[in-house]
Every structure is written in structure tokens, then in C-alpha cells.
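Below is my_file39.cif, holding mmCIF, N, CA and C atoms and all ligand atoms.
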data_coords
#
loop_
_atom_site.label_atom_id
_atom_site.label_comp_id
_atom_site.auth_asym_id
_atom_site.auth_seq_id
_atom_site.Cartn_x
_atom_site.Cartn_y
_atom_site.Cartn_z
N MET H 1 -104.60 143.58 -29.71
CA MET H 1 -105.53 142.60 -30.26
C MET H 1 -106.64 142.32 -29.26
N LYS H 2 -107.88 142.24 -29.77
CA LYS H 2 -109.01 141.88 -28.90
C LYS H 2 -109.60 140.56 -29.39
N VAL H 3 -109.79 139.63 -28.46
CA VAL H 3 -110.23 138.28 -28.82
C VAL H 3 -111.53 137.93 -28.08
N ALA H 4 -112.47 137.36 -28.81
CA ALA H 4 -113.70 136.84 -28.18
C ALA H 4 -113.59 135.31 -28.12
N VAL H 5 -114.00 134.75 -26.99
CA VAL H 5 -113.88 133.30 -26.78
C VAL H 5 -115.23 132.73 -26.35
N ALA H 6 -115.60 131.58 -26.90
CA ALA H 6 -116.83 130.92 -26.43
C ALA H 6 -116.72 129.42 -26.64
N SER H 7 -117.53 128.70 -25.88
CA SER H 7 -117.62 127.25 -26.07
C SER H 7 -119.06 126.82 -25.79
N ASP H 8 -119.38 125.61 -26.21
CA ASP H 8 -120.60 124.99 -25.72
C ASP H 8 -120.21 124.12 -24.52
N HIS H 9 -121.13 123.27 -24.07
CA HIS H 9 -120.86 122.42 -22.89
C HIS H 9 -119.72 121.44 -23.16
N GLY H 10 -119.47 121.13 -24.44
CA GLY H 10 -118.43 120.15 -24.78
C GLY H 10 -117.03 120.74 -24.82
N GLY H 11 -116.91 122.06 -24.59
CA GLY H 11 -115.59 122.69 -24.74
C GLY H 11 -115.16 123.55 -23.55
N ILE H 12 -115.79 123.35 -22.44
CA ILE H 12 -115.56 124.24 -21.28
C ILE H 12 -114.11 124.18 -20.78
N ASN H 13 -113.53 123.00 -20.72
CA ASN H 13 -112.18 122.88 -20.14
C ASN H 13 -111.12 123.54 -21.03
N ILE H 14 -111.23 123.34 -22.33
CA ILE H 14 -110.27 124.00 -23.23
C ILE H 14 -110.51 125.50 -23.22
N ARG H 15 -111.76 125.92 -23.10
CA ARG H 15 -112.01 127.37 -23.03
C ARG H 15 -111.29 127.98 -21.83
N LYS H 16 -111.34 127.29 -20.70
CA LYS H 16 -110.63 127.78 -19.51
C LYS H 16 -109.13 127.87 -19.77
N GLU H 17 -108.59 126.89 -20.47
CA GLU H 17 -107.16 126.87 -20.80
C GLU H 17 -106.81 128.05 -21.71
N ILE H 18 -107.67 128.33 -22.67
CA ILE H 18 -107.41 129.44 -23.60
C ILE H 18 -107.49 130.78 -22.87
N ILE H 19 -108.42 130.89 -21.95
CA ILE H 19 -108.53 132.13 -21.17
C ILE H 19 -107.27 132.33 -20.34
N SER H 20 -106.75 131.26 -19.76
CA SER H 20 -105.51 131.40 -18.98
C SER H 20 -104.34 131.78 -19.89
N LEU H 21 -104.32 131.28 -21.13
CA LEU H 21 -103.27 131.66 -22.09
C LEU H 21 -103.39 133.14 -22.45
N LEU H 22 -104.60 133.59 -22.71
CA LEU H 22 -104.81 135.00 -23.09
C LEU H 22 -104.39 135.92 -21.95
N GLU H 23 -104.67 135.52 -20.73
CA GLU H 23 -104.25 136.32 -19.56
C GLU H 23 -102.73 136.37 -19.49
N GLU H 24 -102.10 135.21 -19.70
CA GLU H 24 -100.64 135.12 -19.64
C GLU H 24 -99.99 135.99 -20.73
N LEU H 25 -100.61 136.03 -21.91
CA LEU H 25 -100.06 136.81 -23.04
C LEU H 25 -100.49 138.28 -22.98
N HIS H 26 -101.27 138.63 -21.96
CA HIS H 26 -101.78 140.01 -21.80
C HIS H 26 -102.56 140.45 -23.04
N ILE H 27 -103.36 139.52 -23.56
CA ILE H 27 -104.23 139.83 -24.70
C ILE H 27 -105.63 140.12 -24.16
N GLU H 28 -106.19 141.24 -24.61
CA GLU H 28 -107.53 141.62 -24.16
C GLU H 28 -108.54 140.62 -24.72
N PHE H 29 -109.49 140.19 -23.90
CA PHE H 29 -110.46 139.22 -24.39
C PHE H 29 -111.80 139.39 -23.68
N GLU H 30 -112.83 138.81 -24.31
CA GLU H 30 -114.14 138.69 -23.65
C GLU H 30 -114.56 137.23 -23.69
N ASP H 31 -114.96 136.72 -22.54
CA ASP H 31 -115.47 135.36 -22.43
C ASP H 31 -116.98 135.40 -22.67
N MET H 32 -117.41 134.82 -23.81
CA MET H 32 -118.83 134.89 -24.19
C MET H 32 -119.57 133.59 -23.90
N GLY H 33 -119.15 132.89 -22.85
CA GLY H 33 -119.88 131.69 -22.41
C GLY H 33 -119.38 130.43 -23.09
N CYS H 34 -120.06 129.32 -22.78
CA CYS H 34 -121.33 129.27 -22.08
C CYS H 34 -121.14 129.12 -20.57
N GLU H 35 -122.16 129.58 -19.85
CA GLU H 35 -122.22 129.34 -18.41
C GLU H 35 -123.11 128.11 -18.23
N CYS H 36 -122.60 126.95 -18.67
CA CYS H 36 -123.53 125.83 -18.78
C CYS H 36 -123.01 124.57 -18.10
N GLU H 37 -123.90 123.92 -17.40
CA GLU H 37 -123.63 122.57 -16.90
C GLU H 37 -124.35 121.59 -17.84
N THR H 38 -125.47 122.05 -18.37
CA THR H 38 -126.28 121.19 -19.23
C THR H 38 -126.00 121.51 -20.70
N SER H 39 -126.61 120.71 -21.55
CA SER H 39 -126.38 120.81 -22.99
C SER H 39 -126.95 122.12 -23.57
N VAL H 40 -126.13 122.76 -24.41
CA VAL H 40 -126.58 123.97 -25.12
C VAL H 40 -126.35 123.76 -26.62
N ASP H 41 -126.80 124.72 -27.42
CA ASP H 41 -126.68 124.59 -28.88
C ASP H 41 -125.52 125.45 -29.39
N TYR H 42 -124.54 124.82 -30.03
CA TYR H 42 -123.32 125.56 -30.43
C TYR H 42 -123.57 126.79 -31.32
N PRO H 43 -124.60 126.81 -32.20
CA PRO H 43 -124.78 128.04 -33.00
C PRO H 43 -125.09 129.25 -32.13
N ASP H 44 -125.70 129.03 -30.98
CA ASP H 44 -126.03 130.15 -30.08
C ASP H 44 -124.78 130.82 -29.52
N TYR H 45 -123.64 130.15 -29.64
CA TYR H 45 -122.36 130.72 -29.16
C TYR H 45 -121.46 131.09 -30.33
N ALA H 46 -121.47 130.28 -31.37
CA ALA H 46 -120.60 130.57 -32.53
C ALA H 46 -121.03 131.84 -33.26
N LEU H 47 -122.32 131.99 -33.49
CA LEU H 47 -122.80 133.11 -34.32
C LEU H 47 -122.57 134.48 -33.66
N PRO H 48 -122.87 134.66 -32.37
CA PRO H 48 -122.58 135.97 -31.76
C PRO H 48 -121.10 136.32 -31.79
N VAL H 49 -120.22 135.35 -31.56
CA VAL H 49 -118.78 135.63 -31.62
C VAL H 49 -118.41 136.01 -33.05
N ALA H 50 -118.87 135.23 -34.02
CA ALA H 50 -118.53 135.49 -35.43
C ALA H 50 -119.02 136.87 -35.87
N LYS H 51 -120.22 137.24 -35.45
CA LYS H 51 -120.76 138.55 -35.85
C LYS H 51 -119.92 139.68 -35.25
N ARG H 52 -119.46 139.50 -34.05
CA ARG H 52 -118.68 140.57 -33.40
C ARG H 52 -117.26 140.64 -33.97
N VAL H 53 -116.75 139.53 -34.48
CA VAL H 53 -115.46 139.58 -35.18
C VAL H 53 -115.67 140.22 -36.56
N ALA H 54 -116.72 139.81 -37.25
CA ALA H 54 -116.98 140.36 -38.60
C ALA H 54 -117.22 141.86 -38.54
N SER H 55 -117.82 142.34 -37.48
CA SER H 55 -118.12 143.78 -37.37
C SER H 55 -116.87 144.59 -37.03
N GLY H 56 -115.80 143.91 -36.62
CA GLY H 56 -114.57 144.62 -36.26
C GLY H 56 -114.46 144.93 -34.78
N GLU H 57 -115.50 144.57 -34.02
CA GLU H 57 -115.45 144.81 -32.57
C GLU H 57 -114.31 143.99 -31.93
N PHE H 58 -114.13 142.78 -32.44
CA PHE H 58 -113.01 141.94 -32.03
C PHE H 58 -112.15 141.62 -33.24
N ASP H 59 -110.83 141.46 -33.01
CA ASP H 59 -109.93 141.12 -34.11
C ASP H 59 -109.99 139.63 -34.43
N ARG H 60 -110.15 138.83 -33.39
CA ARG H 60 -110.14 137.37 -33.56
C ARG H 60 -111.18 136.73 -32.65
N GLY H 61 -111.56 135.49 -33.02
CA GLY H 61 -112.47 134.71 -32.18
C GLY H 61 -111.97 133.29 -32.04
N ILE H 62 -112.19 132.71 -30.87
CA ILE H 62 -111.80 131.32 -30.62
C ILE H 62 -113.03 130.58 -30.08
N LEU H 63 -113.35 129.44 -30.73
CA LEU H 63 -114.54 128.66 -30.38
C LEU H 63 -114.15 127.23 -30.08
N ILE H 64 -114.77 126.65 -29.07
CA ILE H 64 -114.51 125.25 -28.74
C ILE H 64 -115.84 124.53 -28.53
N CYS H 65 -115.98 123.37 -29.16
CA CYS H 65 -117.10 122.48 -28.86
C CYS H 65 -116.53 121.07 -28.77
N GLY H 66 -117.38 120.06 -28.87
CA GLY H 66 -116.88 118.70 -28.73
C GLY H 66 -115.87 118.34 -29.82
N THR H 67 -116.24 118.67 -31.05
CA THR H 67 -115.37 118.35 -32.19
C THR H 67 -114.75 119.60 -32.82
N GLY H 68 -115.33 120.74 -32.56
CA GLY H 68 -114.94 121.98 -33.25
C GLY H 68 -115.68 122.14 -34.58
N ILE H 69 -116.31 121.07 -35.03
CA ILE H 69 -116.92 121.10 -36.37
C ILE H 69 -118.16 121.98 -36.42
N GLY H 70 -119.08 121.76 -35.49
CA GLY H 70 -120.31 122.57 -35.48
C GLY H 70 -119.99 124.04 -35.35
N MET H 71 -119.09 124.36 -34.45
CA MET H 71 -118.71 125.77 -34.24
C MET H 71 -118.14 126.37 -35.52
N SER H 72 -117.25 125.63 -36.19
CA SER H 72 -116.62 126.19 -37.39
C SER H 72 -117.63 126.33 -38.53
N ILE H 73 -118.52 125.36 -38.67
CA ILE H 73 -119.54 125.46 -39.73
C ILE H 73 -120.40 126.70 -39.49
N ALA H 74 -120.85 126.88 -38.26
CA ALA H 74 -121.72 128.02 -37.95
C ALA H 74 -120.98 129.34 -38.16
N ALA H 75 -119.76 129.44 -37.65
CA ALA H 75 -119.01 130.71 -37.75
C ALA H 75 -118.78 131.08 -39.21
N ASN H 76 -118.50 130.08 -40.04
CA ASN H 76 -118.19 130.37 -41.45
C ASN H 76 -119.42 130.79 -42.28
N LYS H 77 -120.60 130.75 -41.67
CA LYS H 77 -121.80 131.28 -42.35
C LYS H 77 -121.85 132.80 -42.29
N VAL H 78 -121.04 133.39 -41.41
CA VAL H 78 -121.06 134.85 -41.24
C VAL H 78 -120.08 135.47 -42.23
N LYS H 79 -120.57 136.43 -42.99
CA LYS H 79 -119.77 137.09 -44.02
C LYS H 79 -118.52 137.72 -43.41
N GLY H 80 -117.39 137.43 -44.02
CA GLY H 80 -116.12 138.01 -43.55
C GLY H 80 -115.37 137.11 -42.58
N ILE H 81 -116.02 136.01 -42.18
CA ILE H 81 -115.35 135.10 -41.23
C ILE H 81 -114.61 134.01 -41.99
N ARG H 82 -113.37 133.78 -41.57
CA ARG H 82 -112.57 132.66 -42.04
C ARG H 82 -112.17 131.88 -40.80
N CYS H 83 -113.03 130.91 -40.46
CA CYS H 83 -112.83 130.14 -39.23
C CYS H 83 -112.14 128.82 -39.57
N ALA H 84 -110.97 128.59 -38.98
CA ALA H 84 -110.20 127.37 -39.25
C ALA H 84 -110.38 126.37 -38.12
N LEU H 85 -110.76 125.16 -38.50
CA LEU H 85 -110.84 124.06 -37.54
C LEU H 85 -109.47 123.41 -37.48
N VAL H 86 -108.80 123.50 -36.34
CA VAL H 86 -107.39 123.13 -36.26
C VAL H 86 -107.12 122.22 -35.05
N HIS H 87 -106.38 121.14 -35.31
CA HIS H 87 -106.00 120.24 -34.22
C HIS H 87 -104.52 119.91 -34.23
N ASP H 88 -103.71 120.74 -34.90
CA ASP H 88 -102.25 120.55 -34.88
C ASP H 88 -101.59 121.90 -35.08
N THR H 89 -100.36 122.03 -34.61
CA THR H 89 -99.68 123.33 -34.65
C THR H 89 -99.24 123.71 -36.07
N PHE H 90 -98.96 122.73 -36.91
CA PHE H 90 -98.59 123.03 -38.30
C PHE H 90 -99.72 123.80 -38.99
N SER H 91 -100.95 123.27 -38.84
CA SER H 91 -102.11 123.92 -39.47
C SER H 91 -102.41 125.27 -38.83
N ALA H 92 -102.16 125.38 -37.53
CA ALA H 92 -102.40 126.66 -36.83
C ALA H 92 -101.54 127.75 -37.46
N LYS H 93 -100.28 127.42 -37.73
CA LYS H 93 -99.35 128.38 -38.34
C LYS H 93 -99.77 128.65 -39.80
N ALA H 94 -100.04 127.57 -40.52
CA ALA H 94 -100.36 127.70 -41.95
C ALA H 94 -101.65 128.49 -42.18
N THR H 95 -102.63 128.29 -41.33
CA THR H 95 -103.90 128.98 -41.58
C THR H 95 -103.81 130.48 -41.28
N ARG H 96 -102.89 130.86 -40.44
CA ARG H 96 -102.65 132.30 -40.25
C ARG H 96 -101.84 132.84 -41.44
N GLU H 97 -100.79 132.15 -41.82
CA GLU H 97 -99.92 132.64 -42.89
C GLU H 97 -100.64 132.67 -44.24
N HIS H 98 -101.44 131.65 -44.52
CA HIS H 98 -102.03 131.51 -45.85
C HIS H 98 -103.48 132.00 -45.94
N ASN H 99 -104.27 131.70 -44.92
CA ASN H 99 -105.72 131.99 -44.99
C ASN H 99 -106.12 133.25 -44.24
N ASP H 100 -105.19 133.83 -43.50
CA ASP H 100 -105.51 134.99 -42.65
C ASP H 100 -106.77 134.68 -41.83
N SER H 101 -106.83 133.48 -41.26
CA SER H 101 -108.02 133.08 -40.50
C SER H 101 -108.22 134.04 -39.34
N ASN H 102 -109.48 134.47 -39.20
CA ASN H 102 -109.79 135.38 -38.09
C ASN H 102 -110.52 134.68 -36.95
N MET H 103 -110.82 133.40 -37.17
CA MET H 103 -111.37 132.60 -36.07
C MET H 103 -110.74 131.21 -36.07
N LEU H 104 -110.65 130.67 -34.85
CA LEU H 104 -110.07 129.34 -34.63
C LEU H 104 -111.10 128.49 -33.92
N ALA H 105 -111.30 127.26 -34.40
CA ALA H 105 -112.20 126.32 -33.73
C ALA H 105 -111.42 125.07 -33.36
N MET H 106 -111.70 124.54 -32.18
CA MET H 106 -111.05 123.29 -31.73
C MET H 106 -112.09 122.40 -31.04
N GLY H 107 -111.78 121.11 -30.97
CA GLY H 107 -112.68 120.14 -30.36
C GLY H 107 -112.08 119.50 -29.12
N GLU H 108 -112.78 119.65 -28.02
CA GLU H 108 -112.28 119.12 -26.74
C GLU H 108 -112.37 117.60 -26.65
N ARG H 109 -113.18 117.00 -27.52
CA ARG H 109 -113.24 115.53 -27.53
C ARG H 109 -112.21 114.96 -28.50
N VAL H 110 -111.44 115.85 -29.11
CA VAL H 110 -110.44 115.45 -30.11
C VAL H 110 -109.02 115.60 -29.57
N ILE H 111 -108.76 116.74 -28.92
CA ILE H 111 -107.41 117.03 -28.38
C ILE H 111 -107.51 117.44 -26.92
N GLY H 112 -106.39 117.40 -26.24
CA GLY H 112 -106.33 117.78 -24.83
C GLY H 112 -106.01 119.26 -24.66
N PRO H 113 -106.09 119.74 -23.43
CA PRO H 113 -105.87 121.17 -23.17
C PRO H 113 -104.46 121.64 -23.46
N GLY H 114 -103.45 120.79 -23.28
CA GLY H 114 -102.07 121.20 -23.53
C GLY H 114 -101.84 121.51 -24.99
N LEU H 115 -102.29 120.62 -25.86
CA LEU H 115 -102.13 120.85 -27.31
C LEU H 115 -102.98 122.04 -27.75
N ALA H 116 -104.19 122.15 -27.20
CA ALA H 116 -105.07 123.27 -27.57
C ALA H 116 -104.40 124.60 -27.23
N ARG H 117 -103.74 124.65 -26.10
CA ARG H 117 -103.03 125.88 -25.69
C ARG H 117 -101.91 126.21 -26.67
N GLU H 118 -101.14 125.19 -27.06
CA GLU H 118 -100.04 125.42 -28.03
C GLU H 118 -100.58 125.89 -29.37
N ILE H 119 -101.65 125.25 -29.81
CA ILE H 119 -102.28 125.63 -31.09
C ILE H 119 -102.72 127.09 -31.03
N ALA H 120 -103.41 127.45 -29.94
CA ALA H 120 -103.91 128.83 -29.82
C ALA H 120 -102.76 129.82 -29.76
N GLN H 121 -101.69 129.45 -29.07
CA GLN H 121 -100.54 130.37 -28.97
C GLN H 121 -99.92 130.60 -30.35
N VAL H 122 -99.71 129.54 -31.09
CA VAL H 122 -99.16 129.67 -32.46
C VAL H 122 -100.10 130.51 -33.31
N TRP H 123 -101.38 130.20 -33.24
CA TRP H 123 -102.38 130.90 -34.07
C TRP H 123 -102.45 132.38 -33.73
N LEU H 124 -102.34 132.70 -32.46
CA LEU H 124 -102.43 134.11 -32.03
C LEU H 124 -101.19 134.92 -32.39
N THR H 125 -100.06 134.24 -32.55
CA THR H 125 -98.80 134.98 -32.72
C THR H 125 -98.21 134.89 -34.13
N THR H 126 -98.90 134.21 -35.02
CA THR H 126 -98.39 134.07 -36.40
C THR H 126 -99.04 135.12 -37.30
N GLU H 127 -98.20 135.80 -38.08
CA GLU H 127 -98.69 136.85 -38.99
C GLU H 127 -99.13 136.26 -40.33
N TYR H 128 -100.09 136.92 -40.94
CA TYR H 128 -100.53 136.61 -42.30
C TYR H 128 -99.43 137.02 -43.29
N GLU H 129 -99.16 136.17 -44.27
CA GLU H 129 -98.08 136.44 -45.23
C GLU H 129 -98.48 137.36 -46.37
N GLY H 130 -99.77 137.43 -46.68
CA GLY H 130 -100.21 138.26 -47.82
C GLY H 130 -99.67 137.70 -49.12
N GLY H 131 -99.25 138.59 -50.04
CA GLY H 131 -98.68 138.15 -51.32
C GLY H 131 -99.64 137.32 -52.12
N ARG H 132 -99.19 136.16 -52.57
CA ARG H 132 -100.02 135.33 -53.45
C ARG H 132 -101.30 134.88 -52.75
N HIS H 133 -101.28 134.85 -51.42
CA HIS H 133 -102.48 134.39 -50.69
C HIS H 133 -103.60 135.42 -50.73
N ALA H 134 -103.24 136.68 -50.88
CA ALA H 134 -104.25 137.76 -50.88
C ALA H 134 -105.21 137.60 -52.05
N ASN H 135 -104.68 137.19 -53.20
CA ASN H 135 -105.52 136.98 -54.37
C ASN H 135 -106.56 135.89 -54.12
N ARG H 136 -106.13 134.84 -53.40
CA ARG H 136 -107.01 133.70 -53.13
C ARG H 136 -108.11 134.10 -52.15
N ILE H 137 -107.71 134.82 -51.11
CA ILE H 137 -108.71 135.28 -50.14
C ILE H 137 -109.66 136.28 -50.81
N GLY H 138 -109.10 137.07 -51.72
CA GLY H 138 -109.92 138.03 -52.47
C GLY H 138 -111.03 137.33 -53.24
N LYS H 139 -110.78 136.15 -53.75
CA LYS H 139 -111.80 135.41 -54.50
C LYS H 139 -112.93 134.97 -53.58
N ILE H 140 -112.59 134.62 -52.35
CA ILE H 140 -113.64 134.25 -51.37
C ILE H 140 -114.48 135.48 -51.03
N THR H 141 -113.79 136.60 -50.79
CA THR H 141 -114.49 137.84 -50.44
C THR H 141 -115.40 138.27 -51.59
N GLU H 142 -114.89 138.15 -52.81
CA GLU H 142 -115.69 138.51 -53.98
C GLU H 142 -116.95 137.65 -54.06
N TYR H 143 -116.80 136.38 -53.81
CA TYR H 143 -117.96 135.47 -53.82
C TYR H 143 -118.97 135.90 -52.75
N GLU H 144 -118.46 136.19 -51.56
CA GLU H 144 -119.34 136.62 -50.47
C GLU H 144 -120.11 137.89 -50.86
N ASN H 145 -119.39 138.81 -51.48
CA ASN H 145 -120.00 140.10 -51.81
C ASN H 145 -121.03 140.00 -52.94
N ASN H 146 -120.89 138.98 -53.79
CA ASN H 146 -121.82 138.83 -54.91
C ASN H 146 -122.95 137.86 -54.63
N GLU H 147 -122.89 137.22 -53.45
CA GLU H 147 -123.90 136.23 -53.10
C GLU H 147 -125.23 136.92 -52.88
N ASN H 148 -126.34 136.28 -53.33
CA ASN H 148 -127.66 136.90 -53.13
C ASN H 148 -128.11 136.75 -51.68
C1 LIG H 201 -122.49 118.46 -28.57
O1 LIG H 201 -122.88 117.19 -28.16
C2 LIG H 201 -121.64 118.36 -29.81
O2 LIG H 201 -122.44 118.01 -30.88
C3 LIG H 201 -120.94 119.68 -30.07
O3 LIG H 201 -120.14 120.00 -28.99
C4 LIG H 201 -120.04 119.71 -31.28
O4 LIG H 201 -119.15 118.66 -31.29
C5 LIG H 201 -120.72 119.87 -32.57
O5 LIG H 201 -120.11 119.92 -33.64
#

Any chance you could give the structure as C-alpha cells?
Amino acid sequence: MKVAVASDHGGINIRKEIISLLEELHIEFEDMGCECETSVDYPDYALPVAKRVASGEFDRGILICGTGIGMSIAANKVKGIRCALVHDTFSAKATREHNDSNMLAMGERVIGPGLAREIAQVWLTTEYEGGRHANRIGKITEYENNEN
């Protein structure tokens, strides 16, 4: 599995925690910034990660900002991206099993690094269930494909 990771200035500490988790799990990853002390714009980080996941260059993407909301909104504009904004381990498991989410967003002003690490670990290691969920995801894909 190859994972792309990025944050804005509001998510730097959790991004570091996620990078340490990926190293521990021996998962290949690319850190796509930010290299920032000052304020940056989250779409400048969410969109490049989302495009590289959508293209198949990366299997998964993880984004962190202050709330996770801006990152998830931006990532979900990219065709083929199913970015889940998650702040609990139950949802981390469910969104992999049911939604086959290919991106995870979290907010550093919402949760601490310990919980973020647990969420990311569950999300990275839980398989998609397929079955009845495939039909539902198919409806989203169909909408994307027919959109003007
Ligand atoms: C930056 O101040 C903040 O707006 C950003 O990190 C994020 O929370 C946006 O959704």
C-alpha cells in the first residue's frame, strides 16, 4: 500500500504522528507538506493528494487540518475520491467496511495525536466488505461519471 499524507498549518502535529505510525507499520508513504510555520490554504494540500490518489499513484490519502472539514470538502471534489472525516475508531472501521473510503481527514483542533493514531491504524488495516455496499458506492460512481 502507498499512502500520501498532507496537512495545513493546523494539522502539523497529527501529521507527524501519522508519519511515525506509517513508519512503524512499514507502509510506503510520501509526505506532501506543508512545510509551514505560517498560515496556508488547505485546498493547496488536499487537492494534490486527492488527485494522486484518484490517478492510482497512491492507494490512500490522509489529510489533517484544524477541523478536517476543509480538507475533506476539497478532497471530495475530486472524481473517484471518497474522503471520510473521522474522529472516532468506530467510524474509522465503518467507513472502510461500508464506504471503501480511500482518503481519511482528521482535525487537530478536535482530537489529540493519540486518538488520531488509533483512528489511522484502524482505517489503514480494515478491509472493505463489498457485497451490498458495492451497489451503493456504484451509485456515487455513476453520478460522478454522468456529471457534466
Ligand atoms: C485554518 O485556520 C483552518 O480553517 C483549517 O485548518 C481547517 O480547519 C479548515 O477546515

Do you have, as JSON lines, the list of residues of stretch 57-132 of chain H lying at most 8 Å from stretch 20-28 of chain H, each with its nearest atom pair and that distance in Å to one decimal, counting all atoms listed in the file and ordered by chain then number?
{"residue": "H:Arg117", "atom": "CA", "partner": "H:Leu21", "partner_atom": "CA", "distance": 6.8}
{"residue": "H:Ala120", "atom": "C", "partner": "H:Leu21", "partner_atom": "CA", "distance": 7.9}
{"residue": "H:Gln121", "atom": "N", "partner": "H:Leu21", "partner_atom": "CA", "distance": 7.5}

Surrounding residues of H:Pro48 excluding itself and chain neighbours under 6 positions, 8 Å, only N, CA and C atoms, as an NGL selection string:
:H and (42 or 54 or 75)

If you count only C-alpha atoms, which residues fall within 8 Å of H:Ala50, apart from same-chain ones fewer than 4 positions away, as a PDB file with N, CA and C atoms, keeping the file's coordinate frame?
ATOM      1  N   ALA H  46    -121.470 130.280 -31.370  1.00  0.00           N
ATOM      2  CA  ALA H  46    -120.600 130.570 -32.530  1.00  0.00           C
ATOM      3  C   ALA H  46    -121.030 131.840 -33.260  1.00  0.00           C
ATOM      4  N   ALA H  54    -116.720 139.810 -37.250  1.00  0.00           N
ATOM      5  CA  ALA H  54    -116.980 140.360 -38.600  1.00  0.00           C
ATOM      6  C   ALA H  54    -117.220 141.860 -38.540  1.00  0.00           C
ATOM      7  N   GLY H  61    -111.560 135.490 -33.020  1.00  0.00           N
ATOM      8  CA  GLY H  61    -112.470 134.710 -32.180  1.00  0.00           C
ATOM      9  C   GLY H  61    -111.970 133.290 -32.040  1.00  0.00           C
ATOM     10  N   ALA H  75    -119.760 129.440 -37.650  1.00  0.00           N
ATOM     11  CA  ALA H  75    -119.010 130.710 -37.750  1.00  0.00           C
ATOM     12  C   ALA H  75    -118.780 131.080 -39.210  1.00  0.00           C
ATOM     13  N   ASN H  76    -118.500 130.080 -40.040  1.00  0.00           N
ATOM     14  CA  ASN H  76    -118.190 130.370 -41.450  1.00  0.00           C
ATOM     15  C   ASN H  76    -119.420 130.790 -42.280  1.00  0.00           C
ATOM     16  N   VAL H  78    -121.040 133.390 -41.410  1.00  0.00           N
ATOM     17  CA  VAL H  78    -121.060 134.850 -41.240  1.00  0.00           C
ATOM     18  C   VAL H  78    -120.080 135.470 -42.230  1.00  0.00           C
ATOM     19  N   ILE H  81    -116.020 136.010 -42.180  1.00  0.00           N
ATOM     20  CA  ILE H  81    -115.350 135.100 -41.230  1.00  0.00           C
ATOM     21  C   ILE H  81    -114.610 134.010 -41.990  1.00  0.00           C
ATOM     22  N   MET H 103    -110.820 133.400 -37.170  1.00  0.00           N
ATOM     23  CA  MET H 103    -111.370 132.600 -36.070  1.00  0.00           C
ATOM     24  C   MET H 103    -110.740 131.210 -36.070  1.00  0.00           C
TER      25      MET H 103
END

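Atom CA of H:Gly80 is positioned 22.7 Å from atom CA of H:Thr67.
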
Can you list every residue in chain H that DSSP puts in strand (DSSP E or B), as number ranges by chain?
H: 2-7, 28-31, 60-65, 83-85, 103-107

Distance query H:Val49 at most 8 Å, all atoms listed in the file, self and fewer than 6 positions along chain excluded, as a count of residues only:
10

Selected residue of minimal separation from H:Glu144 among H:Thr126, H:Ser101, H:Lys77, H:Gly114, counting only C-alpha atoms
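Nearest to H:Glu144: H:Lys77.
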
Using only N, CA and C atoms for the distances, tell me which of H:Glu57, H:Val40, H:Gly66, H:His133 is nearest to H:Ile111.
H:Gly66

Name each residue within 6.5 Å of ligand LIG 201 (chain H), counting all atoms listed in the file, as a JSON list (two decimals) with N, CA and C atoms, keeping the file's coordinate frame.
[["chain", "number", "residue", "atom", "x", "y", "z"],
["H", 8, "ASP", "N", -119.38, 125.61, -26.21],
["H", 8, "ASP", "CA", -120.60, 124.99, -25.72],
["H", 8, "ASP", "C", -120.21, 124.12, -24.52],
["H", 9, "HIS", "N", -121.13, 123.27, -24.07],
["H", 9, "HIS", "CA", -120.86, 122.42, -22.89],
["H", 9, "HIS", "C", -119.72, 121.44, -23.16],
["H", 10, "GLY", "N", -119.47, 121.13, -24.44],
["H", 10, "GLY", "CA", -118.43, 120.15, -24.78],
["H", 10, "GLY", "C", -117.03, 120.74, -24.82],
["H", 11, "GLY", "N", -116.91, 122.06, -24.59],
["H", 11, "GLY", "CA", -115.59, 122.69, -24.74],
["H", 11, "GLY", "C", -115.16, 123.55, -23.55],
["H", 42, "TYR", "N", -124.54, 124.82, -30.03],
["H", 42, "TYR", "CA", -123.32, 125.56, -30.43],
["H", 42, "TYR", "C", -123.57, 126.79, -31.32],
["H", 64, "ILE", "N", -114.77, 126.65, -29.07],
["H", 64, "ILE", "CA", -114.51, 125.25, -28.74],
["H", 64, "ILE", "C", -115.84, 124.53, -28.53],
["H", 65, "CYS", "N", -115.98, 123.37, -29.16],
["H", 65, "CYS", "CA", -117.10, 122.48, -28.86],
["H", 65, "CYS", "C", -116.53, 121.07, -28.77],
["H", 66, "GLY", "N", -117.38, 120.06, -28.87],
["H", 66, "GLY", "CA", -116.88, 118.70, -28.73],
["H", 66, "GLY", "C", -115.87, 118.34, -29.82],
["H", 67, "THR", "N", -116.24, 118.67, -31.05],
["H", 67, "THR", "CA", -115.37, 118.35, -32.19],
["H", 67, "THR", "C", -114.75, 119.60, -32.82],
["H", 68, "GLY", "N", -115.33, 120.74, -32.56],
["H", 68, "GLY", "CA", -114.94, 121.98, -33.25],
["H", 68, "GLY", "C", -115.68, 122.14, -34.58],
["H", 69, "ILE", "N", -116.31, 121.07, -35.03],
["H", 69, "ILE", "CA", -116.92, 121.10, -36.37],
["H", 69, "ILE", "C", -118.16, 121.98, -36.42],
["H", 70, "GLY", "N", -119.08, 121.76, -35.49],
["H", 70, "GLY", "CA", -120.31, 122.57, -35.48],
["H", 70, "GLY", "C", -119.99, 124.04, -35.35],
["H", 71, "MET", "N", -119.09, 124.36, -34.45],
["H", 71, "MET", "CA", -118.71, 125.77, -34.24],
["H", 71, "MET", "C", -118.14, 126.37, -35.52]]

Sel. of alpha helix (DSSP H) residues, chain H, as a ChimeraX atom specification
/H:12-24,43-54,69-75,89-99,113-125,132-146

Could you jot down the atom CA of H:Ile119 to atom CA of H:Thr89 separation for me, Å, one decimal place?
5.0 Å

Atom-to-atom span, atom C of H:Asn146 and atom N of H:Asp44, Å
25.4 Å

Under the rule that only N, CA and C atoms are counted, which of H:Asp88, H:Glu30, H:Glu35, H:Glu108 is the nearest residue to H:Ile14?
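Among the listed residues, the smallest separation from H:Ile14 belongs to H:Glu108.
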
Selection: 5 Å around H:Leu63, all atoms listed in the file, excl. self and same-chain fewer than 4 positions, as a PyMOL selection string:
chain H and resi 6+104-106

Which residue of H:Tyr45, H:Cys34, H:Leu115, H:Trp123 approaches H:Ala94 most closely, using all atoms listed in the file
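Going through H:Tyr45, H:Cys34, H:Leu115, H:Trp123 one by one, the smallest distance to H:Ala94 is for H:Trp123.
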
Have a look at H:Asp59, H:Glu37, H:Glu17, H:Asp31 and name the one nearest to H:Leu124; count only C-alpha atoms.
H:Asp59
